[in-house]
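Visitor: Quick one, query-v6.pdb (PDB, C-alpha atoms, pLDDT in the B column):
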ATOM      1  CA  MET A   1       7.012  25.919   6.850  1.00 90.00           C
ATOM      2  CA  LEU A   2       6.633  22.258   7.768  1.00 93.00           C
ATOM      3  CA  ARG A   3       3.019  22.355   6.653  1.00 87.00           C
ATOM      4  CA  MET A   4       4.038  23.586   3.182  1.00 89.00           C
ATOM      5  CA  VAL A   5       6.708  20.871   2.880  1.00 94.00           C
ATOM      6  CA  ILE A   6       4.203  18.163   3.795  1.00 93.00           C
ATOM      7  CA  LEU A   7       1.652  19.631   1.384  1.00 90.00           C
ATOM      8  CA  ALA A   8       4.189  19.778  -1.460  1.00 91.00           C
ATOM      9  CA  LEU A   9       5.323  16.210  -0.843  1.00 94.00           C
ATOM     10  CA  SER A  10       1.757  14.970  -0.751  1.00 93.00           C
ATOM     11  CA  PHE A  11       1.008  16.689  -4.082  1.00 91.00           C
ATOM     12  CA  LEU A  12       4.161  15.245  -5.630  1.00 93.00           C
ATOM     13  CA  HIS A  13       3.168  11.735  -4.546  1.00 95.00           C
ATOM     14  CA  LEU A  14      -0.583  11.933  -5.134  1.00 94.00           C
ATOM     15  CA  GLY A  15      -0.294  13.158  -8.749  1.00 94.00           C
ATOM     16  CA  PRO A  16       1.519  10.069 -10.076  1.00 94.00           C
ATOM     17  CA  GLY A  17      -0.539   7.807  -7.799  1.00 94.00           C
ATOM     18  CA  ILE A  18      -3.774   9.115  -9.266  1.00 93.00           C
ATOM     19  CA  ALA A  19      -2.361   8.833 -12.801  1.00 92.00           C
ATOM     20  CA  PHE A  20      -1.274   5.243 -12.181  1.00 92.00           C
ATOM     21  CA  ALA A  21      -4.712   4.297 -10.822  1.00 92.00           C
ATOM     22  CA  ILE A  22      -6.473   5.932 -13.775  1.00 90.00           C
ATOM     23  CA  LEU A  23      -4.255   4.159 -16.298  1.00 89.00           C
ATOM     24  CA  ALA A  24      -4.385   0.837 -14.439  1.00 88.00           C
ATOM     25  CA  PHE A  25      -8.165   0.716 -14.299  1.00 88.00           C
ATOM     26  CA  GLY A  26      -8.931   2.740 -17.433  1.00 87.00           C
ATOM     27  CA  CYS A  27      -6.782   0.624 -19.775  1.00 84.00           C
ATOM     28  CA  ASP A  28      -8.157  -2.703 -18.606  1.00 81.00           C
ATOM     29  CA  GLY A  29     -10.083  -5.065 -20.859  1.00 77.00           C
ATOM     30  CA  PRO A  30     -10.291  -5.653 -24.602  1.00 81.00           C
ATOM     31  CA  THR A  31     -11.691  -2.159 -25.282  1.00 82.00           C
ATOM     32  CA  PRO A  32      -9.995   0.320 -22.932  1.00 84.00           C
ATOM     33  CA  THR A  33     -12.156   2.990 -21.364  1.00 83.00           C
ATOM     34  CA  LEU A  34      -9.474   5.634 -21.958  1.00 81.00           C
ATOM     35  CA  GLY A  35      -9.148   4.761 -25.646  1.00 82.00           C
ATOM     36  CA  ASP A  36      -6.135   6.495 -27.228  1.00 81.00           C
ATOM     37  CA  TRP A  37      -4.564   7.264 -23.850  1.00 79.00           C
ATOM     38  CA  CYS A  38      -3.666   3.579 -23.598  1.00 82.00           C
ATOM     39  CA  GLY A  39      -1.160   1.812 -25.810  1.00 76.00           C
ATOM     40  CA  LYS A  40       2.128   2.761 -27.388  1.00 71.00           C
ATOM     41  CA  ALA A  41       2.761   6.106 -25.687  1.00 79.00           C
ATOM     42  CA  SER A  42       1.943   5.009 -22.155  1.00 80.00           C
ATOM     43  CA  ILE A  43       4.702   7.135 -20.603  1.00 88.00           C
ATOM     44  CA  ALA A  44       3.420  10.239 -22.376  1.00 88.00           C
ATOM     45  CA  SER A  45      -0.104   9.437 -21.203  1.00 88.00           C
ATOM     46  CA  PHE A  46       1.165   8.914 -17.659  1.00 91.00           C
ATOM     47  CA  VAL A  47       2.922  12.296 -17.695  1.00 92.00           C
ATOM     48  CA  LYS A  48      -0.130  14.098 -19.099  1.00 91.00           C
ATOM     49  CA  ILE A  49      -2.481  12.563 -16.546  1.00 92.00           C
ATOM     50  CA  THR A  50       0.012  13.294 -13.745  1.00 95.00           C
ATOM     51  CA  VAL A  51       0.199  16.966 -14.729  1.00 96.00           C
ATOM     52  CA  LEU A  52      -3.595  17.091 -14.977  1.00 94.00           C
ATOM     53  CA  ALA A  53      -3.892  15.529 -11.509  1.00 94.00           C
ATOM     54  CA  TRP A  54      -1.434  18.082 -10.107  1.00 95.00           C
ATOM     55  CA  LEU A  55      -3.483  20.868 -11.681  1.00 96.00           C
ATOM     56  CA  VAL A  56      -6.722  19.546 -10.189  1.00 95.00           C
ATOM     57  CA  LEU A  57      -5.096  19.070  -6.772  1.00 94.00           C
ATOM     58  CA  GLY A  58      -3.634  22.579  -6.885  1.00 94.00           C
ATOM     59  CA  LEU A  59      -6.904  24.190  -7.925  1.00 96.00           C
ATOM     60  CA  GLY A  60      -8.784  22.233  -5.285  1.00 94.00           C
ATOM     61  CA  TYR A  61      -6.343  23.268  -2.575  1.00 93.00           C
ATOM     62  CA  GLY A  62      -6.422  26.881  -3.744  1.00 93.00           C
ATOM     63  CA  LEU A  63     -10.221  26.934  -3.607  1.00 95.00           C
ATOM     64  CA  TRP A  64     -10.218  25.312  -0.179  1.00 93.00           C
ATOM     65  CA  TYR A  65      -7.639  27.828   1.069  1.00 92.00           C
ATOM     66  CA  LEU A  66      -9.639  30.811  -0.208  1.00 93.00           C
ATOM     67  CA  LEU A  67     -12.854  29.522   1.351  1.00 93.00           C
ATOM     68  CA  THR A  68     -11.242  28.892   4.720  1.00 91.00           C
ATOM     69  CA  GLN A  69      -9.597  32.327   4.692  1.00 89.00           C
ATOM     70  CA  ARG A  70     -12.946  33.944   3.909  1.00 86.00           C
ATOM     71  CA  ALA A  71     -14.650  31.997   6.699  1.00 82.00           C
ATOM     72  CA  ARG A  72     -11.859  32.929   9.099  1.00 81.00           C
ATOM     73  CA  ALA A  73     -12.172  36.613   8.164  1.00 81.00           C
ATOM     74  CA  ASP A  74     -15.970  36.502   8.617  1.00 78.00           C
ATOM     75  CA  THR A  75     -15.693  35.033  12.107  1.00 83.00           C
ATOM     76  CA  GLN A  76     -13.123  37.651  13.166  1.00 76.00           C
ATOM     77  CA  ALA A  77     -15.154  40.605  11.862  1.00 62.00           C
TER      78      ALA A  77
END
As structure tokens - that is how I would like this structure written.
Guide:
Amino acid sequence: MLRMVILALSFLHLGPGIAFAILAFGCDGPTPTLGDWCGKASIASFVKITVLAWLVLGLGYGLWYLLTQRARADTQA
């Protein structure tokens, strides 16, 4: 139970952190690397990148979980 709480809190904090870093470094300079993601609708861009980061984190964790369960089942068989 505690493990799931820590995992959920880390996902909730890492998603916006990743989005902030992407926007901070991707919107730098006279011609932003992210293009249309920078500018007037920065909050909307932040939310979209945060949701995308949560999706990537969730898929990555799900893949890691499945692989470790498979490895655990192979060692017990």
Visitor: Please return, as JSON, numbers by chain, all polymer residues that have at least one atom within 12 Å of the point (-7.7, 7.6, -14.3); use only C-alpha atoms and the file's own coordinate frame.
Guide: {"A": [15, 16, 17, 18, 19, 20, 21, 22, 23, 24, 25, 26, 27, 28, 32, 33, 34, 35, 37, 38, 45, 46, 48, 49, 50, 52, 53]}
Visitor: Mind giving me the axis-aligned box for region 44-63 of chain A with 5 Å on every side, centre plus edges in Å to one decimal, as JSON?
Guide:
{"center_x": -3.4, "center_y": 17.9, "center_z": -12.5, "size_x": 23.6, "size_y": 28.0, "size_z": 29.8}
Visitor: With only C-alpha atoms as the basis for distance, which of A:Leu66, A:Ser42, A:Trp54, A:Ala71 is at the shortest distance from Leu9 (chain A)?
Guide: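 Among A:Leu66, A:Ser42, A:Trp54, A:Ala71, it is A:Trp54 that comes nearest to Leu9 (chain A).
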Visitor: Counting all atoms listed in the file, what is within 12 Å of Met4 (chain A), bar same-chain residues fewer than 6 positions away, as a list in words?
Guide: Ser10, Phe11 and Tyr61 of chain A
Visitor: May I have the residues from that selection written out with C-alpha atoms, as an mmCIF file, in the frame of the given file?
Guide:
data_model
loop_
_atom_site.group_PDB
_atom_site.id
_atom_site.type_symbol
_atom_site.label_atom_id
_atom_site.label_comp_id
_atom_site.auth_asym_id
_atom_site.auth_seq_id
_atom_site.Cartn_x
_atom_site.Cartn_y
_atom_site.Cartn_z
ATOM 1 C CA SER A 10 1.757 14.970 -0.751
ATOM 2 C CA PHE A 11 1.008 16.689 -4.082
ATOM 3 C CA TYR A 61 -6.343 23.268 -2.575
#
Visitor: Please, what distance in Å, to one decimal, runs between CA of Leu59 (chain A) and CA of Ala41 (chain A)?
Guide: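 Value for the CA of Leu59 (chain A)-CA of Ala41 (chain A) distance: 27.1 Å.
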Visitor: Would you compute the distance between CA of Leu14 (chain A) and CA of Gly58 (chain A)? Give it in Å to one decimal.
Guide: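 So the two atoms, CA of Leu14 (chain A) and CA of Gly58 (chain A), lie 11.2 Å apart.
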Visitor: Give me, please, the distance in Å between CA of Thr75 (chain A) and CA of Gly62 (chain A), quoted to one decimal.
Guide: 20.1 Å
Visitor: Please supply region 27-41 of chain A, rebuilt with N, CA and C atoms, as a compact mmCIF listing (two decimals), in the coordinates of the input.
Guide:
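Just written: out18.txt:
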# COMPACT_ATOMS: atom_id res chain seq x y z
N CYS A 27 -7.33 1.32 -18.61
CA CYS A 27 -6.78 0.62 -19.77
C CYS A 27 -6.99 -0.88 -19.66
N ASP A 28 -7.90 -1.28 -18.83
CA ASP A 28 -8.16 -2.70 -18.61
C ASP A 28 -9.21 -3.21 -19.60
N GLY A 29 -9.09 -4.44 -20.00
CA GLY A 29 -10.08 -5.07 -20.86
C GLY A 29 -9.75 -4.96 -22.33
N PRO A 30 -10.55 -5.64 -23.15
CA PRO A 30 -10.29 -5.65 -24.60
C PRO A 30 -10.51 -4.28 -25.26
N THR A 31 -11.49 -3.52 -24.78
CA THR A 31 -11.69 -2.16 -25.28
C THR A 31 -11.48 -1.19 -24.12
N PRO A 32 -10.31 -0.56 -24.06
CA PRO A 32 -9.99 0.32 -22.93
C PRO A 32 -10.95 1.51 -22.82
N THR A 33 -11.28 1.85 -21.62
CA THR A 33 -12.16 2.99 -21.36
C THR A 33 -11.50 4.29 -21.80
N LEU A 34 -10.19 4.40 -21.62
CA LEU A 34 -9.47 5.63 -21.96
C LEU A 34 -9.13 5.76 -23.44
N GLY A 35 -9.36 4.71 -24.20
CA GLY A 35 -9.15 4.76 -25.65
C GLY A 35 -7.72 5.01 -26.05
N ASP A 36 -7.46 6.17 -26.70
CA ASP A 36 -6.14 6.50 -27.23
C ASP A 36 -5.10 6.78 -26.15
N TRP A 37 -5.51 7.01 -24.94
CA TRP A 37 -4.56 7.26 -23.85
C TRP A 37 -3.79 6.00 -23.50
N CYS A 38 -4.33 4.85 -23.86
CA CYS A 38 -3.67 3.58 -23.60
C CYS A 38 -2.89 3.15 -24.85
N GLY A 39 -1.85 2.37 -24.66
CA GLY A 39 -1.16 1.81 -25.81
C GLY A 39 0.29 2.18 -25.89
N LYS A 40 0.71 2.59 -27.09
CA LYS A 40 2.13 2.76 -27.39
C LYS A 40 2.80 3.86 -26.57
N ALA A 41 2.14 4.97 -26.38
CA ALA A 41 2.76 6.11 -25.69
C ALA A 41 2.28 6.16 -24.24
